[in-house]
>>> print(open('protein_17.csv').read())   # CSV, C-alpha atoms
chain,number,residue,atom,x,y,z
A,1,MET,CA,28.5,9.8,-14.2
A,2,THR,CA,25.1,10.2,-12.7
A,3,CYS,CA,21.6,9.6,-14.1
A,4,GLN,CA,20.2,12.8,-15.6
A,5,TRP,CA,16.6,11.8,-15.6
A,6,GLN,CA,14.4,14.3,-13.7
A,7,THR,CA,12.1,12.5,-11.3
A,8,GLY,CA,8.9,13.9,-9.9
A,9,LEU,CA,6.2,16.2,-11.2
A,10,LEU,CA,5.7,19.1,-8.8
A,11,SER,CA,9.3,19.3,-7.6
A,12,PRO,CA,11.5,17.7,-10.2
A,13,GLU,CA,14.9,16.6,-9.1
A,14,PRO,CA,17.6,14.6,-10.9
A,15,CYS,CA,17.6,11.0,-10.1
A,16,GLY,CA,21.3,11.1,-9.2
A,17,GLY,CA,21.8,7.3,-9.4
A,18,LEU,CA,24.8,5.7,-11.1
A,19,ALA,CA,24.4,5.9,-14.8
A,20,LEU,CA,25.0,2.7,-16.6
A,21,GLY,CA,24.4,3.9,-20.1
A,22,SER,CA,22.8,6.6,-22.2
A,23,CYS,CA,19.5,6.9,-24.1
A,24,GLY,CA,19.8,5.8,-27.7
A,25,SER,CA,17.5,8.6,-28.9
A,26,CYS,CA,18.4,11.7,-26.9
A,27,GLY,CA,21.8,10.7,-25.4
A,28,GLN,CA,21.2,11.6,-21.7
A,29,SER,CA,22.8,9.4,-19.2
A,30,ILE,CA,20.4,7.0,-17.5
A,31,CYS,CA,20.6,4.5,-14.7
A,32,MET,CA,19.2,1.0,-14.8
A,33,ILE,CA,15.8,2.0,-13.1
A,34,HIS,CA,15.2,4.7,-15.8
A,35,SER,CA,16.1,2.7,-18.8
A,36,SER,CA,13.7,0.8,-21.1
A,37,MET,CA,14.7,-1.7,-23.7
A,38,GLY,CA,13.4,-1.5,-27.2
A,39,PRO,CA,14.2,-1.9,-30.9
A,40,SER,CA,16.9,0.8,-30.9
A,41,GLY,CA,18.5,-0.4,-27.6
A,42,THR,CA,18.2,1.5,-24.3
A,43,ALA,CA,16.0,4.6,-24.0
A,44,CYS,CA,15.1,7.1,-21.3
A,45,PRO,CA,11.4,6.9,-20.0
A,46,GLN,CA,10.3,9.8,-22.2
A,47,CYS,CA,11.8,8.5,-25.4
A,48,ALA,CA,10.4,5.0,-24.6
A,49,ASN,CA,7.0,6.5,-24.0
A,50,MET,CA,7.1,8.4,-27.3
A,51,GLN,CA,8.4,5.5,-29.5
A,52,PRO,CA,6.6,2.3,-30.2
A,53,GLY,CA,8.1,-1.1,-29.4
A,54,TYR,CA,9.7,-0.1,-26.0
A,55,GLU,CA,8.8,-1.8,-22.8
A,56,GLN,CA,6.3,0.4,-20.8
A,57,ASN,CA,6.5,0.7,-17.1
A,58,GLU,CA,5.6,3.1,-14.3
A,59,GLU,CA,8.4,5.5,-15.2
A,60,THR,CA,7.3,5.7,-18.9
A,61,GLU,CA,3.7,6.3,-17.8
A,62,MET,CA,4.9,9.1,-15.4
A,63,ALA,CA,7.0,10.6,-18.2
A,64,GLY,CA,3.9,10.7,-20.5
A,65,ALA,CA,1.7,12.2,-17.8
A,66,ARG,CA,4.4,14.9,-17.0
A,67,GLY,CA,4.8,15.8,-20.6
A,68,SER,CA,1.1,16.5,-20.9
A,69,TYR,CA,1.2,18.9,-18.0
A,70,TYR,CA,4.1,20.9,-19.4
A,71,GLN,CA,2.2,21.0,-22.7
A,72,GLN,CA,-1.0,22.3,-21.2
A,73,TYR,CA,0.3,24.7,-18.6
A,74,GLY,CA,3.8,25.6,-19.8
A,75,THR,CA,6.9,26.1,-17.8
A,76,SER,CA,6.4,29.6,-16.5
A,77,GLY,CA,8.0,30.5,-13.1
A,78,TYR,CA,9.4,27.6,-11.2
A,79,PHE,CA,9.9,25.0,-13.8
A,80,SER,CA,13.0,25.5,-15.9
A,81,LYS,CA,13.2,24.8,-19.6
A,82,ASN,CA,15.2,21.7,-18.8
A,83,ASP,CA,12.4,20.4,-16.7
A,84,GLU,CA,10.3,20.5,-19.8
A,85,SER,CA,13.1,19.3,-22.1
A,86,SER,CA,13.7,16.3,-19.8
A,87,VAL,CA,10.3,15.0,-21.0
A,88,ASN,CA,10.6,16.5,-24.5
A,89,PRO,CA,14.0,15.6,-25.9
A,90,LYS,CA,13.5,17.8,-29.0
A,91,LYS,CA,13.4,20.9,-26.8
A,92,ARG,CA,16.5,20.0,-24.8
A,93,GLU,CA,19.1,22.7,-24.3
A,94,LYS,CA,22.6,22.4,-23.1
A,95,ASN,CA,22.3,25.0,-20.4
A,96,ASP,CA,19.6,24.8,-17.8
A,97,ASP,CA,18.4,28.1,-16.5
A,98,PHE,CA,18.7,27.0,-12.9
A,99,GLU,CA,21.6,24.8,-13.0
A,100,THR,CA,24.9,26.2,-11.9
B,1,MET,CA,-12.0,-9.2,-3.4
B,2,GLU,CA,-14.1,-10.1,-0.4
B,3,LEU,CA,-14.2,-8.2,2.9
B,4,ALA,CA,-12.4,-11.1,4.7
B,5,GLN,CA,-9.5,-10.9,2.2
B,6,LEU,CA,-8.8,-7.2,3.0
B,7,CYS,CA,-6.0,-6.1,5.4
B,8,PRO,CA,-7.3,-5.0,8.8
B,9,ALA,CA,-7.0,-1.3,7.9
B,10,ALA,CA,-8.9,-1.7,4.7
B,11,GLN,CA,-11.6,-3.8,6.5
B,12,ASN,CA,-12.1,-1.1,9.1
B,13,ALA,CA,-12.2,1.6,6.3
B,14,ALA,CA,-14.8,-0.5,4.3
B,15,LEU,CA,-17.0,-1.0,7.3
B,16,ALA,CA,-16.7,2.5,8.8
B,17,LYS,CA,-16.9,4.0,5.2
B,18,SER,CA,-14.1,6.4,6.1
B,19,ILE,CA,-10.4,6.6,5.9
B,20,THR,CA,-8.7,8.6,8.6
B,21,GLY,CA,-5.1,8.7,9.6
B,22,GLU,CA,-1.5,8.9,8.5
B,23,TRP,CA,0.2,6.6,6.1
B,24,ASP,CA,3.4,6.3,4.2
B,25,TYR,CA,3.0,6.0,0.4
B,26,PRO,CA,3.2,2.2,0.0
B,27,GLY,CA,0.7,1.6,2.8
B,28,PHE,CA,-1.8,4.2,1.5
B,29,ASP,CA,-1.4,2.9,-2.1
B,30,GLN,CA,-2.1,-0.7,-0.9
B,31,LEU,CA,-5.1,0.5,1.2
B,32,LEU,CA,-6.7,2.3,-1.8
B,33,LYS,CA,-6.0,-0.6,-4.2
B,34,GLU,CA,-7.7,-3.1,-1.8
B,35,LEU,CA,-10.7,-0.8,-1.3
B,36,ILE,CA,-11.1,-0.3,-5.1
B,37,ALA,CA,-10.9,-4.1,-5.7
B,38,PHE,CA,-13.4,-4.6,-2.9
B,39,ASP,CA,-15.7,-2.0,-4.4
B,40,GLN,CA,-15.5,-3.5,-7.8
B,41,THR,CA,-16.6,-6.9,-6.3
B,42,MET,CA,-19.4,-5.2,-4.4
B,43,ASP,CA,-20.6,-3.4,-7.6
B,44,ALA,CA,-20.7,-6.7,-9.5
B,45,ARG,CA,-22.6,-8.2,-6.6
B,46,VAL,CA,-25.1,-5.3,-6.4
B,47,ARG,CA,-25.8,-5.7,-10.2
B,48,ARG,CA,-26.2,-9.5,-9.8
B,49,ASN,CA,-28.5,-9.2,-6.7
B,50,LEU,CA,-30.6,-6.6,-8.5
B,51,ARG,CA,-31.1,-8.9,-11.4
B,52,TRP,CA,-32.1,-11.8,-9.1
B,53,MET,CA,-34.4,-9.4,-7.1
B,54,VAL,CA,-36.3,-8.4,-10.3
B,55,ILE,CA,-36.6,-12.1,-11.3
B,56,SER,CA,-37.9,-13.1,-7.8
B,57,ILE,CA,-40.5,-10.3,-7.9
B,58,ILE,CA,-41.8,-11.5,-11.3
B,59,LEU,CA,-41.8,-15.1,-9.9
B,60,CYS,CA,-43.7,-14.0,-6.8
B,61,VAL,CA,-46.4,-12.3,-9.0
B,62,ILE,CA,-46.7,-15.4,-11.1
B,63,ALA,CA,-46.9,-17.6,-8.0
B,64,PHE,CA,-49.7,-15.3,-6.6
B,65,ILE,CA,-51.8,-15.7,-9.7
B,66,THR,CA,-51.0,-19.4,-9.8
B,67,MET,CA,-52.2,-19.8,-6.2
B,68,PHE,CA,-55.7,-18.7,-7.1
B,69,ILE,CA,-55.8,-21.0,-10.1
B,70,LEU,CA,-54.6,-23.9,-8.0
B,71,ILE,CA,-57.1,-23.1,-5.2
B,72,GLY,CA,-59.9,-23.1,-7.8
B,73,GLU,CA,-58.8,-26.6,-8.8
B,74,ASP,CA,-58.8,-27.9,-5.2
B,75,TYR,CA,-55.0,-27.7,-4.8
B,76,LEU,CA,-55.2,-25.3,-1.9
B,77,TYR,CA,-52.0,-26.4,0.0
B,78,SER,CA,-49.9,-26.6,-3.2
B,79,GLY,CA,-51.0,-23.1,-4.3
B,80,ILE,CA,-50.2,-21.6,-0.9
B,81,ALA,CA,-46.9,-23.4,-0.7
B,82,ALA,CA,-45.8,-22.1,-4.1
B,83,PHE,CA,-46.7,-18.5,-3.2
B,84,VAL,CA,-45.0,-18.6,0.2
B,85,GLY,CA,-41.9,-20.1,-1.3
B,86,ALA,CA,-41.8,-17.4,-4.0
B,87,LEU,CA,-42.4,-14.7,-1.4
B,88,ALA,CA,-39.6,-16.0,0.9
B,89,ASN,CA,-37.3,-16.1,-2.1
B,90,MET,CA,-38.2,-12.5,-3.0
B,91,ILE,CA,-37.6,-11.3,0.6
B,92,ARG,CA,-34.2,-13.0,0.7
B,93,CYS,CA,-33.2,-11.5,-2.7
B,94,ILE,CA,-34.2,-8.0,-1.5
B,95,GLN,CA,-32.2,-8.5,1.7
B,96,LEU,CA,-29.1,-9.6,-0.2
B,97,TRP,CA,-29.4,-6.7,-2.6
B,98,ARG,CA,-29.7,-4.2,0.3
B,99,LYS,CA,-26.8,-5.7,2.1
B,100,SER,CA,-24.5,-5.6,-0.9
B,101,LYS,CA,-25.6,-2.0,-1.7
B,102,LYS,CA,-24.8,-1.0,1.8
B,103,LEU,CA,-21.2,-2.2,1.5
B,104,ALA,CA,-20.5,-0.6,-1.9
B,105,LEU,CA,-18.2,2.4,-1.9
B,106,PRO,CA,-18.1,5.4,-4.2
B,107,GLU,CA,-15.7,4.1,-6.8
B,108,ALA,CA,-15.0,7.3,-8.7
B,109,SER,CA,-13.9,9.0,-5.5
B,110,LEU,CA,-11.4,6.3,-4.5
B,111,GLU,CA,-10.0,6.2,-8.0
B,112,MET,CA,-9.5,10.0,-8.0
B,113,VAL,CA,-7.5,9.8,-4.7
B,114,HIS,CA,-5.5,6.8,-5.9
B,115,GLY,CA,-4.6,8.5,-9.2
B,116,LEU,CA,-3.6,11.6,-7.4
B,117,ILE,CA,-1.1,10.0,-5.0
B,118,ARG,CA,0.1,7.6,-7.6
B,119,LEU,CA,1.2,10.5,-9.9
B,120,LEU,CA,2.7,12.5,-7.1
B,121,ARG,CA,4.6,9.6,-5.4
B,122,GLN,CA,8.0,10.8,-6.5
B,123,ASP,CA,7.4,14.3,-5.2
B,124,LEU,CA,6.5,13.2,-1.7
B,125,ASP,CA,8.9,13.5,1.2
B,126,PRO,CA,9.9,9.9,1.9
B,127,LYS,CA,10.1,10.6,5.6
B,128,ALA,CA,6.8,12.4,5.9
B,129,LYS,CA,3.4,10.7,6.1
B,130,ILE,CA,0.3,11.3,4.0
B,131,THR,CA,-2.5,12.6,6.1
B,132,ALA,CA,-6.0,11.8,4.8
B,133,THR,CA,-9.5,12.2,5.9
B,134,ILE,CA,-11.9,10.6,3.4
B,135,ASP,CA,-15.6,10.1,4.0
B,136,LEU,CA,-17.0,7.3,1.8
B,137,SER,CA,-20.5,7.2,3.3
B,138,GLY,CA,-21.9,9.1,0.2
B,139,LEU,CA,-25.4,10.7,0.5
B,140,THR,CA,-26.9,10.1,3.9
B,141,ASP,CA,-29.8,11.8,5.6
B,142,LYS,CA,-27.5,13.5,8.0
B,143,LYS,CA,-26.1,15.6,5.1
B,144,LYS,CA,-29.6,16.4,3.7
B,145,GLN,CA,-30.9,19.9,4.1
B,146,SER,CA,-34.1,21.4,2.7
B,147,ILE,CA,-33.6,24.4,0.5
B,148,LYS,CA,-37.2,25.0,-0.5
B,149,PRO,CA,-40.3,22.9,-1.0
B,150,MET,CA,-39.4,19.8,-3.1
B,151,GLN,CA,-35.7,20.7,-3.3
B,152,TRP,CA,-33.0,19.3,-1.1
B,153,ALA,CA,-29.2,19.8,-0.9
B,154,TYR,CA,-26.6,17.4,0.4
B,155,LEU,CA,-23.3,18.9,1.4
B,156,ASP,CA,-20.5,16.4,1.4
B,157,PRO,CA,-17.0,17.6,2.3
B,158,TRP,CA,-15.6,14.1,1.8
B,159,CYS,CA,-12.0,14.5,1.0
B,160,SER,CA,-9.0,16.2,2.7
B,161,ILE,CA,-5.5,15.1,1.9
B,162,ARG,CA,-2.2,16.7,3.1
B,163,LEU,CA,1.0,15.8,1.3
B,164,LYS,CA,4.4,17.0,2.3
B,165,LEU,CA,6.6,17.5,-0.8
B,166,ARG,CA,10.3,16.7,-0.8
B,167,ASP,CA,11.2,20.4,-1.2
B,168,GLY,CA,9.5,21.2,2.1
B,169,TYR,CA,6.3,22.7,0.7
B,170,VAL,CA,3.0,21.1,1.8
B,171,ALA,CA,0.2,20.4,-0.7
B,172,LEU,CA,-3.4,20.4,0.6
B,173,VAL,CA,-6.3,19.1,-1.4
B,174,ARG,CA,-9.9,19.4,-0.3
B,175,GLN,CA,-13.0,18.4,-2.2
B,176,THR,CA,-16.6,19.2,-1.3
B,177,ASP,CA,-19.5,17.9,-3.3
B,178,THR,CA,-22.9,19.5,-3.2
B,179,PHE,CA,-25.9,17.6,-4.6
B,180,ILE,CA,-29.2,19.3,-5.4
B,181,GLU,CA,-32.2,17.0,-5.6
B,182,THR,CA,-35.3,18.6,-7.2
B,183,THR,CA,-38.6,16.8,-7.5
B,184,LYS,CA,-41.3,18.2,-9.7
B,185,THR,CA,-44.9,16.9,-9.4
B,186,LYS,CA,-47.5,17.3,-12.1
B,187,LYS,CA,-51.2,16.5,-12.0
B,188,GLY,CA,-52.7,15.3,-15.3
B,189,ALA,CA,-56.2,16.0,-16.7
B,190,ARG,CA,-57.4,12.6,-15.3
B,191,GLY,CA,-56.1,13.5,-11.8
B,192,LYS,CA,-53.1,11.2,-12.1
B,193,THR,CA,-50.0,12.5,-10.3
B,194,LYS,CA,-46.6,12.2,-12.0
B,195,SER,CA,-43.3,13.1,-10.3
B,196,LYS,CA,-39.9,13.6,-11.8
B,197,THR,CA,-36.6,13.9,-9.9
B,198,LYS,CA,-33.5,15.7,-11.3
B,199,TRP,CA,-30.1,15.7,-9.7
B,200,LYS,CA,-27.3,18.2,-10.0
B,201,LYS,CA,-23.8,17.8,-8.6
B,202,GLN,CA,-21.3,20.6,-8.0
B,203,CYS,CA,-17.8,19.6,-7.0
B,204,ARG,CA,-15.5,22.2,-5.5
B,205,VAL,CA,-11.8,21.4,-5.2
B,206,THR,CA,-9.5,23.6,-3.2
B,207,ALA,CA,-5.7,23.1,-3.7
B,208,ARG,CA,-3.3,24.9,-1.4
B,209,ILE,CA,0.5,25.1,-1.4
B,210,ILE,CA,2.0,26.1,1.9
B,211,PRO,CA,5.7,27.1,1.9
B,212,PRO,CA,7.9,26.0,4.8
B,213,ALA,CA,8.9,29.6,5.5
B,214,PRO,CA,7.6,33.0,4.2
B,215,VAL,CA,8.5,33.3,0.5
B,216,VAL,CA,8.0,35.8,-2.3
B,217,TRP,CA,5.7,34.1,-4.8
B,218,GLY,CA,6.1,34.3,-8.5
B,219,ALA,CA,3.5,35.4,-11.1
B,220,PRO,CA,-0.1,34.1,-10.6
B,221,PRO,CA,-1.1,31.0,-12.5
B,222,GLN,CA,-3.2,30.8,-15.7
B,223,VAL,CA,-6.8,30.3,-14.6
B,224,ASP,CA,-10.1,29.6,-16.3
B,225,ARG,CA,-12.1,32.7,-15.3
B,226,VAL,CA,-15.4,30.9,-15.3
B,227,TRP,CA,-14.6,27.8,-13.2
B,228,GLU,CA,-11.5,28.8,-11.3
B,229,ARG,CA,-10.4,31.3,-8.6
B,230,HIS,CA,-6.9,32.0,-7.5
B,231,LYS,CA,-6.1,33.8,-4.2
B,232,MET,CA,-3.4,34.3,-1.7
B,233,VAL,CA,-4.1,33.7,2.0
B,234,THR,CA,-1.9,34.7,4.9
B,235,LYS,CA,-1.8,32.3,7.8
B,236,ASN,CA,0.7,32.5,10.6
B,237,ASP,CA,2.7,35.1,8.7
B,238,VAL,CA,3.1,32.7,5.8
B,239,SER,CA,1.5,33.5,2.5
B,240,VAL,CA,-0.4,30.4,1.1
B,241,ALA,CA,-1.3,30.0,-2.6
B,242,VAL,CA,-4.9,28.8,-3.1
B,243,LEU,CA,-6.7,27.7,-6.3
B,244,ASP,CA,-10.4,26.8,-6.3
B,245,ARG,CA,-12.1,25.0,-9.1
B,246,TRP,CA,-15.7,24.0,-9.6
B,247,TRP,CA,-17.2,21.2,-11.7
B,248,ALA,CA,-20.9,20.6,-12.4
B,249,PHE,CA,-22.6,17.3,-13.4
B,250,LYS,CA,-26.2,16.6,-14.1
B,251,GLN,CA,-28.1,13.4,-14.2
B,252,PRO,CA,-31.8,12.5,-14.2
B,253,THR,CA,-33.4,10.1,-11.6
B,254,ASP,CA,-30.2,9.2,-9.6
B,255,ALA,CA,-27.4,11.2,-8.1
B,256,PRO,CA,-24.5,11.8,-10.5
B,257,THR,CA,-21.6,9.5,-10.0
B,258,LYS,CA,-19.1,11.4,-12.0
B,259,SER,CA,-16.2,13.0,-10.2
B,260,PRO,CA,-13.3,15.3,-11.2
B,261,ALA,CA,-10.4,13.5,-12.7
B,262,ALA,CA,-7.1,13.2,-10.7
B,263,ARG,CA,-5.2,14.8,-13.6
B,264,ASP,CA,-7.2,18.0,-13.3
B,265,ILE,CA,-6.5,18.3,-9.6
B,266,ILE,CA,-2.8,17.6,-10.3
B,267,GLY,CA,-3.0,20.3,-12.9
B,268,MET,CA,-4.1,22.7,-10.2
B,269,LEU,CA,-1.2,21.8,-7.9
B,270,PHE,CA,1.2,22.0,-10.9
B,271,ARG,CA,0.1,25.6,-11.6
B,272,LEU,CA,0.4,26.6,-7.9
B,273,CYS,CA,3.9,25.0,-7.7
B,274,ALA,CA,5.0,27.0,-10.8
B,275,MET,CA,4.5,30.1,-8.5
B,276,ARG,CA,7.2,29.0,-6.2
B,277,PRO,CA,10.4,31.2,-6.1
B,278,LYS,CA,13.3,29.9,-8.2
B,279,GLU,CA,15.5,29.8,-5.1
B,280,ALA,CA,13.5,26.9,-3.8
B,281,LYS,CA,14.9,24.7,-6.6
>>> encode(input="protein_17.csv", output="structure tokens")
Amino acid sequence: MTCQWQTGLLSPEPCGGLALGSCGSCGQSICMIHSSMGPSGTACPQCANMQPGYEQNEETEMAGARGSYYQQYGTSGYFSKNDESSVNPKKREKNDDFET
Amino acid sequence: MELAQLCPAAQNAALAKSITGEWDYPGFDQLLKELIAFDQTMDARVRRNLRWMVISIILCVIAFITMFILIGEDYLYSGIAAFVGALANMIRCIQLWRKSKKLALPEASLEMVHGLIRLLRQDLDPKAKITATIDLSGLTDKKKQSIKPMQWAYLDPWCSIRLKLRDGYVALVRQTDTFIETTKTKKGARGKTKSKTKWKKQCRVTARIIPPAPVVWGAPPQVDRVWERHKMVTKNDVSVAVLDRWWAFKQPTDAPTKSPAARDIIGMLFRLCAMRPKEAK
């Protein structure tokens, strides 16, 4: 299984690294680089950024920044709903518009 | 961080007050971090030297008055020695202040560039280099133009960065700052002349997204009609998406030091990138 975390801001791409576990909050598979430890176990950068008590690093900071852009400018055009949902687990859908 | 502690590239950039060349992300990030740390040290030194300069001027005035008192009491040489000492100290303090001021860099500008590349680091093509031309000399007489009597403009196209994204698109960011200095002079009833200087700063940021091949762009981005302009430009048969944005800052007495935040510039690139065709994904 590969890491489902979307890296980047302007051209998001899945990390593709070897997943070693899944996020305790949203359930997506994550690799070691994109996992943060906290009170409820392992979390993806976005869940770690949104919940208190999790270790903060560059990835969680990036996730927070990316979420604010999606919130301000939306996902029209190029960015798929899953790009947004990758930083907002509540909006996550099973089928990505652009994934085949 | 002292000048001697910087890496050779950062030393050259600090002395020449310009960053020109091509870097990979870690190298450019390190260069900017060192320059920001150096500038923070210089800013602290400028403040400290300014304080000492003010104290030395006060001491010099006191020594000047004391000199006459001592001369009147037959201590001629002691009075002159005290004044000359205070004067030498004042000159030295002024020299140190001017030297440290000369080495200081525009901090807000460097932080903007650093914030920009830091947030976009995952989007960069790992094989491509970051091309940057950054002028850190600030307001110089070369950039000064007279608009009308008692009003001057400084045109400072200080920043140009070219980033190749991992999907083949190229992001270009250019910033031009225009400063307007206005001096008003007023003559009072007693014939005393008073002058007042006001500064205005207008920043223009142009963000461009250049596709690797001709593409059909999507819907235009949301723009603020007052401060932003969106247009498409054709260059070498390739349609380029362009977004211009303006900011205005005002400050009395000194030139405004505020600069647009990196997040606003990334927001511009984000909206332009949203225009890319879905096939690119």
>>> atom_distance(input="protein_17.csv", atom1="atom CA of B:Val205", atom2="atom CA of B:His230")
11.9 Å
>>> closest_atom_pairs(input="protein_17.csv", of="chain B", to="chain A", cutoff="8 Å", atoms="all atoms listed in the file", output="tab-separated table")
residue	atom	partner	partner_atom	distance
B:Leu119	CA	A:Met62	CA	6.8
B:Leu120	CA	A:Leu9	CA	6.5
B:Arg121	CA	A:Gly8	CA	7.6
B:Gln122	CA	A:Gly8	CA	4.7
B:Asp123	CA	A:Gly8	CA	4.9
B:Leu165	CA	A:Ser11	CA	7.5
B:Arg166	CA	A:Ser11	CA	7.3
B:Asp167	CA	A:Ser11	CA	6.8
B:Gly218	CA	A:Gly77	CA	6.3
B:Ala219	CA	A:Gly77	CA	6.9
B:Gln222	CA	A:Tyr73	CA	7.6
B:Gly267	CA	A:Tyr69	CA	6.8
B:Leu269	CA	A:Leu10	CA	7.5
B:Phe270	CA	A:Leu10	CA	5.8
B:Arg271	CA	A:Tyr73	CA	7.1
B:Cys273	CA	A:Leu10	CA	6.3
B:Ala274	CA	A:Tyr78	CA	4.5
B:Met275	CA	A:Gly77	CA	5.8
B:Arg276	CA	A:Tyr78	CA	5.6
B:Pro277	CA	A:Tyr78	CA	6.3
B:Lys278	CA	A:Tyr78	CA	5.4
B:Lys281	CA	A:Phe98	CA	7.7
>>> closest_residue(input="protein_17.csv", among="A:Met50, A:Cys3, A:Cys44, A:Ile30", to="A:Gly16", atoms="all atoms listed in the file")
A:Cys3
>>> atom_distance(input="protein_17.csv", atom1="atom CA of B:Gln202", atom2="atom CA of B:Thr257")
11.3 Å
>>> closest_residue(input="protein_17.csv", among="A:Leu18, A:Cys26, A:Cys31, A:Met37", to="A:Gly53", atoms="all atoms listed in the file")
A:Met37
>>> residues_around(input="protein_17.csv", residues="stretch 90-103 of chain B", least_positions_apart="5", cutoff="7 Å", atoms="all atoms listed in the file", output="PyMOL selection string")
chain B and resi 42+45-46+49-50+52-53+56-57+60
>>> write_last_selection(input="protein_17.csv", atoms="C-alpha atoms", output="PDB file, in the frame of the given file")
ATOM      1  CA  MET B  42     -19.400  -5.200  -4.400  1.00  0.00           C
ATOM      2  CA  ARG B  45     -22.600  -8.200  -6.600  1.00  0.00           C
ATOM      3  CA  VAL B  46     -25.100  -5.300  -6.400  1.00  0.00           C
ATOM      4  CA  ASN B  49     -28.500  -9.200  -6.700  1.00  0.00           C
ATOM      5  CA  LEU B  50     -30.600  -6.600  -8.500  1.00  0.00           C
ATOM      6  CA  TRP B  52     -32.100 -11.800  -9.100  1.00  0.00           C
ATOM      7  CA  MET B  53     -34.400  -9.400  -7.100  1.00  0.00           C
ATOM      8  CA  SER B  56     -37.900 -13.100  -7.800  1.00  0.00           C
ATOM      9  CA  ILE B  57     -40.500 -10.300  -7.900  1.00  0.00           C
ATOM     10  CA  CYS B  60     -43.700 -14.000  -6.800  1.00  0.00           C
TER      11      CYS B  60
END
>>> residues_around(input="protein_17.csv", residues="B:Gly79", least_positions_apart="3", cutoff="7 Å", atoms="all atoms listed in the file", output="list of chain:residue names")
B:Thr66, B:Met67, B:Leu70, B:Ile71, B:Tyr75, B:Leu76, B:Ala82, B:Phe83
>>> closest_residue(input="protein_17.csv", among="A:Ala48, A:Gln71, A:Tyr54, A:Gln4", to="A:Ser22", atoms="only C-alpha atoms")
A:Gln4
>>> atom_distance(input="protein_17.csv", atom1="atom CA of B:Leu136", atom2="atom CA of B:Met112")
12.6 Å
>>> closest_residue(input="protein_17.csv", among="B:Ile210, B:Ala255, B:Ile265, B:Ala81", to="B:Phe68", atoms="only C-alpha atoms")
B:Ala81
>>> residues_near_point(input="protein_17.csv", point="(11.1, 6.7, -18.0)", cutoff="9 Å", atoms="only C-alpha atoms", output="PyMOL selection string")
chain A and resi 5+7+33-36+43-49+56-64+87
>>> closest_residue(input="protein_17.csv", among="B:Lys258, B:Lys184, B:Lys250, B:Lys231", to="B:Pro106", atoms="all atoms listed in the file")
B:Lys258
>>> closest_residue(input="protein_17.csv", among="B:Leu124, B:Ile117, B:Ala88, B:Ala13", to="B:Ile161", atoms="all atoms listed in the file")
B:Ile117
>>> residues_around(input="protein_17.csv", residues="B:Leu139", least_positions_apart="5", cutoff="10 Å", atoms="all atoms listed in the file", output="JSON, numbers by chain")
{"B": [144, 153, 154, 155, 156, 178, 179, 255]}
